[in-house]
Amino acid sequence: MRWRSFFRRLNPLGSVFGKIWLSFWFSLIVIVVAAYFVSYQAAQQYQVAPPTAKQMMVLNSLEFPELGSTGGDYAVIQQLLETYNLSSQHQLYLVDDRYQLLGRPQPPKRILVMLSEMMENEGMRVGQWRNEAWLGPMEIAFNGLNFRLFIRGVPSLPPANLPWWLESQWVQLAFALTVSGIMSLLLTWSLVRPIEKLRQTVRAMARGTLDVRAGSSVSARSDEIGELGRDFDDMANRIEDLVSAQQRLLSNVSHELRSPLTRLQVAMGIVRQKAPEGLDRALNRIERESDRLENMIAQILKLSRFENEMQQADWQWLDVTDMIRRVVDDARFEAHPRGIQIELDASDTVRMIGDGQLLHSSVENVIRNALRFSPDNGQIRVSLSVVNRRAVVSICDQGPGVPEDKLVRLFDPFYRLDQSNTGAGLGLNIALQAVQMHKGVIYAENLSTGGLKVVIELPLKHQPPGVPSSLPSPG
């Protein structure tokens, strides 16, 4: 195992650095080799090779002019060849023993050097200079004169030292782009695919799915990304264990506290009946603290049920407008001693499928939080409207507001902005859990005039799982 690990570290494909290095190195080699062959081909003045079957077919298909009728007169031969070449797809040229070229139009001077090399070889040859291809020589004689015949315009030779399928420059360019594109694609896919998988895993974990893992497609890799995937899985396992332990602790402690609290309240009733005069103030204080402790334990139990997905919703048609009115009426009773006015703007009737008790608790917790931080003789505005098929509930207070960097933490469990506050810091988190169960959103923002605004948005067309679409509507 130790040697295997050692050789794995030496393997350049076992690291992201090595993969990038090899990919660029291979691409550079391909580009250099291709450039060498192309430049070598371009540097050649001409090339001579044996004819192909396609080029010999051109020779067999030609109809040659009657040169014997010229009487060996060079001027007549030249005129006859010029007339033939102007009307034919392939041109004919004659070279005599003195290497004089007969035929029109006159070819470039470099062609003469190529033709002389073709005549030095035995048998038929094809000469290629740029886009010009010549076939010959073929010995002919007439009127006592000896000539070598060359045919101009035969099919071209394939590029020297290159495969036939790289004959075209456009094909060469397409091949280079294809090779570099494939290498870039493989490198990008190798790097991005596991990173995308890890990103999706992180997002799922951020949404609360603690059992999600990077998976073998990431953690099985031998490079740095694989190490990151394994470290993430270890971290996720540790976080899941800690959160599970916390949830079990909250649930167990809450249940264990309720029994002695109940006995304490029963004992309080007995003491109040038999206590002498003068103890009412102390007993009232104990009773208030007992009720506060009972409320905190109830909130912790509700939070524990939400986090363990044990909270069952009672889906029914709900009159949201009536529910908001009842919450505001209760809050006005508590706000009256401090002179706080609560205004309600909810003229239209809004109905949706939901759990009335959970939504009542959500709105109540937000309004109670607004009451807690509102100044005496202040004002709280509650409004209900429908925007884009969503019920929007807004609660605005005139409190001190919240620092911008603390707004996102308001809905965290046990978070208290004011440590002198006697609350447990669970009300807004319970509201968040209930709203999310209804596929809604809740958020807070500071008002430009001072104070805090909490907005709850609930989709009116949400169809909860397990609830029939034919659930009868009230009224």
# chains A, B, ... in the order shown; residues from 1 in each chain; ligands from 1
$ residues_around --residues "Ile367 of chain A" --least-positions-apart "6" --cutoff "9 Å" --atoms "only C-alpha atoms" --output "VMD selection string"
chain A and resid 327 to 328 331 380 382 395 to 397
$ write_last_selection --atoms "C-alpha atoms" --output "PDB file, in the first residue's frame"
ATOM      1  CA  VAL A 327     -53.819  37.708  15.712  1.00  0.00           C
ATOM      2  CA  VAL A 328     -53.962  41.512  15.600  1.00  0.00           C
ATOM      3  CA  ALA A 331     -51.806  41.671  20.062  1.00  0.00           C
ATOM      4  CA  ILE A 380     -47.134  48.807  14.324  1.00  0.00           C
ATOM      5  CA  VAL A 382     -49.806  45.059   9.588  1.00  0.00           C
ATOM      6  CA  ILE A 395     -45.339  43.744   9.773  1.00  0.00           C
ATOM      7  CA  CYS A 396     -43.599  47.110  10.249  1.00  0.00           C
ATOM      8  CA  ASP A 397     -42.552  48.512  13.625  1.00  0.00           C
TER       9      ASP A 397
END
$ residues_around --residues "Ser219 of chain A" --least-positions-apart "4" --cutoff "8 Å" --atoms "only C-alpha atoms" --output "PyMOL selection string"
chain A and resi 214-215+225-230
$ write_last_selection --atoms "C-alpha atoms" --output "PDB file, in the first residue's frame"
ATOM      1  CA  ALA A 214     -20.064  14.170  -2.552  1.00  0.00           C
ATOM      2  CA  GLY A 215     -20.194  10.531  -3.661  1.00  0.00           C
ATOM      3  CA  ILE A 225     -10.348  17.426  -6.031  1.00  0.00           C
ATOM      4  CA  GLY A 226     -10.734  13.872  -4.712  1.00  0.00           C
ATOM      5  CA  GLU A 227      -9.008  14.877  -1.468  1.00  0.00           C
ATOM      6  CA  LEU A 228     -11.395  17.848  -1.202  1.00  0.00           C
ATOM      7  CA  GLY A 229     -14.373  15.521  -1.741  1.00  0.00           C
ATOM      8  CA  ARG A 230     -13.186  13.121   0.967  1.00  0.00           C
TER       9      ARG A 230
END
$ select_by_dssp --residues "segment 51-189 of chain A" --states "strand (DSSP E or B)" --output "MDAnalysis selection string"
chainID A and resid 91:95 101:102 125:129 132:142 145:152
$ residues_around --residues "Asn429 of chain A" --least-positions-apart "6" --cutoff "8 Å" --atoms "only C-alpha atoms" --output "list in words"
Leu303, Leu410, Phe411, Asp412 and Pro413 of chain A
$ closest_residue --among "A:Arg199, A:Val320, A:Ala176, A:Ile456" --to "Ser27 of chain A" --atoms "only C-alpha atoms"
A:Ala176
$ select_by_dssp --residues "segment 34-236 of chain A" --states "helix (DSSP H, G or I)" --output "number ranges by chain"
A: 34-43, 53-61, 68-70, 74-87, 109-120, 164-166, 169-206, 216-219, 224-236
$ write_last_selection --atoms "C-alpha atoms" --output "mmCIF file, in the first residue's frame"
data_model
loop_
_atom_site.group_PDB
_atom_site.id
_atom_site.type_symbol
_atom_site.label_atom_id
_atom_site.label_comp_id
_atom_site.auth_asym_id
_atom_site.auth_seq_id
_atom_site.Cartn_x
_atom_site.Cartn_y
_atom_site.Cartn_z
ATOM 1 C CA ALA A 34 1.559 19.976 -37.556
ATOM 2 C CA ALA A 35 3.371 23.270 -38.119
ATOM 3 C CA TYR A 36 6.555 21.371 -39.026
ATOM 4 C CA PHE A 37 4.862 19.215 -41.653
ATOM 5 C CA VAL A 38 2.961 22.130 -43.142
ATOM 6 C CA SER A 39 6.053 24.355 -43.261
ATOM 7 C CA TYR A 40 8.105 21.497 -44.734
ATOM 8 C CA GLN A 41 5.520 21.029 -47.428
ATOM 9 C CA ALA A 42 5.380 24.750 -48.153
ATOM 10 C CA ALA A 43 9.200 24.970 -48.268
ATOM 11 C CA ALA A 53 -4.379 5.240 -61.384
ATOM 12 C CA LYS A 54 -6.500 8.383 -61.494
ATOM 13 C CA GLN A 55 -3.748 10.277 -63.285
ATOM 14 C CA MET A 56 -3.135 7.457 -65.796
ATOM 15 C CA MET A 57 -6.844 7.510 -66.616
ATOM 16 C CA VAL A 58 -6.372 11.087 -67.806
ATOM 17 C CA LEU A 59 -3.624 9.924 -70.169
ATOM 18 C CA ASN A 60 -5.791 7.158 -71.614
ATOM 19 C CA SER A 61 -8.764 9.492 -72.107
ATOM 20 C CA GLY A 68 2.785 14.160 -88.090
ATOM 21 C CA SER A 69 1.055 16.545 -90.480
ATOM 22 C CA THR A 70 3.240 19.434 -89.305
ATOM 23 C CA TYR A 74 8.506 23.952 -85.027
ATOM 24 C CA ALA A 75 6.342 26.978 -85.755
ATOM 25 C CA VAL A 76 3.516 24.805 -87.020
ATOM 26 C CA ILE A 77 3.915 22.452 -84.024
ATOM 27 C CA GLN A 78 3.789 25.427 -81.647
ATOM 28 C CA GLN A 79 0.678 26.798 -83.350
ATOM 29 C CA LEU A 80 -1.047 23.413 -83.321
ATOM 30 C CA LEU A 81 -0.315 22.865 -79.618
ATOM 31 C CA GLU A 82 -1.490 26.392 -78.707
ATOM 32 C CA THR A 83 -4.784 25.850 -80.537
ATOM 33 C CA TYR A 84 -5.291 22.498 -78.814
ATOM 34 C CA ASN A 85 -4.390 23.806 -75.336
ATOM 35 C CA LEU A 86 -6.805 26.731 -75.505
ATOM 36 C CA SER A 87 -9.771 24.431 -76.124
ATOM 37 C CA LYS A 109 10.285 28.938 -65.335
ATOM 38 C CA ARG A 110 10.400 26.747 -62.188
ATOM 39 C CA ILE A 111 8.437 24.147 -64.132
ATOM 40 C CA LEU A 112 11.393 23.596 -66.439
ATOM 41 C CA VAL A 113 13.589 22.490 -63.538
ATOM 42 C CA MET A 114 10.877 20.057 -62.416
ATOM 43 C CA LEU A 115 10.464 18.682 -65.964
ATOM 44 C CA SER A 116 14.171 18.070 -66.266
ATOM 45 C CA GLU A 117 14.145 16.037 -63.048
ATOM 46 C CA MET A 118 11.139 14.061 -64.309
ATOM 47 C CA MET A 119 13.076 13.215 -67.500
ATOM 48 C CA GLU A 120 16.025 11.928 -65.452
ATOM 49 C CA TRP A 164 -4.154 12.064 -47.928
ATOM 50 C CA TRP A 165 -6.997 13.309 -45.790
ATOM 51 C CA LEU A 166 -4.879 16.359 -44.852
ATOM 52 C CA GLN A 169 -5.500 23.479 -45.944
ATOM 53 C CA TRP A 170 -9.051 23.832 -44.623
ATOM 54 C CA VAL A 171 -8.901 20.203 -43.476
ATOM 55 C CA GLN A 172 -5.581 20.914 -41.766
ATOM 56 C CA LEU A 173 -7.085 23.898 -39.945
ATOM 57 C CA ALA A 174 -10.175 21.906 -38.961
ATOM 58 C CA PHE A 175 -7.977 19.047 -37.693
ATOM 59 C CA ALA A 176 -5.881 21.386 -35.517
ATOM 60 C CA LEU A 177 -8.994 23.043 -34.078
ATOM 61 C CA THR A 178 -10.625 19.662 -33.446
ATOM 62 C CA VAL A 179 -7.612 18.229 -31.611
ATOM 63 C CA SER A 180 -7.171 21.326 -29.440
ATOM 64 C CA GLY A 181 -10.934 21.479 -28.813
ATOM 65 C CA ILE A 182 -11.118 17.838 -27.732
ATOM 66 C CA MET A 183 -8.160 18.242 -25.379
ATOM 67 C CA SER A 184 -9.669 21.403 -23.875
ATOM 68 C CA LEU A 185 -13.049 19.696 -23.537
ATOM 69 C CA LEU A 186 -11.574 16.670 -21.780
ATOM 70 C CA LEU A 187 -9.589 18.848 -19.401
ATOM 71 C CA THR A 188 -12.569 21.095 -18.662
ATOM 72 C CA TRP A 189 -14.907 18.140 -18.164
ATOM 73 C CA SER A 190 -12.415 16.443 -15.864
ATOM 74 C CA LEU A 191 -12.164 19.545 -13.680
ATOM 75 C CA VAL A 192 -15.672 21.008 -13.815
ATOM 76 C CA ARG A 193 -17.754 17.821 -13.455
ATOM 77 C CA PRO A 194 -16.599 16.955 -9.898
ATOM 78 C CA ILE A 195 -16.606 20.614 -8.874
ATOM 79 C CA GLU A 196 -20.209 20.954 -10.086
ATOM 80 C CA LYS A 197 -21.147 17.797 -8.175
ATOM 81 C CA LEU A 198 -19.475 19.186 -5.057
ATOM 82 C CA ARG A 199 -21.261 22.532 -5.526
ATOM 83 C CA GLN A 200 -24.659 20.818 -5.748
ATOM 84 C CA THR A 201 -23.816 18.826 -2.621
ATOM 85 C CA VAL A 202 -22.859 21.974 -0.717
ATOM 86 C CA ARG A 203 -26.112 23.672 -1.787
ATOM 87 C CA ALA A 204 -28.164 20.676 -0.681
ATOM 88 C CA MET A 205 -26.402 20.676 2.666
ATOM 89 C CA ALA A 206 -26.977 24.418 3.039
ATOM 90 C CA SER A 216 -17.673 8.172 -5.180
ATOM 91 C CA SER A 217 -17.499 10.115 -8.456
ATOM 92 C CA VAL A 218 -15.625 12.835 -6.537
ATOM 93 C CA SER A 219 -14.064 11.145 -3.513
ATOM 94 C CA GLU A 224 -6.648 17.331 -5.129
ATOM 95 C CA ILE A 225 -10.348 17.426 -6.031
ATOM 96 C CA GLY A 226 -10.734 13.872 -4.712
ATOM 97 C CA GLU A 227 -9.008 14.877 -1.468
ATOM 98 C CA LEU A 228 -11.395 17.848 -1.202
ATOM 99 C CA GLY A 229 -14.373 15.521 -1.741
ATOM 100 C CA ARG A 230 -13.186 13.121 0.967
ATOM 101 C CA ASP A 231 -12.556 15.993 3.387
ATOM 102 C CA PHE A 232 -16.030 17.364 2.652
ATOM 103 C CA ASP A 233 -17.648 13.967 3.314
ATOM 104 C CA ASP A 234 -15.773 13.712 6.628
ATOM 105 C CA MET A 235 -16.926 17.212 7.557
ATOM 106 C CA ALA A 236 -20.519 16.419 6.545
#
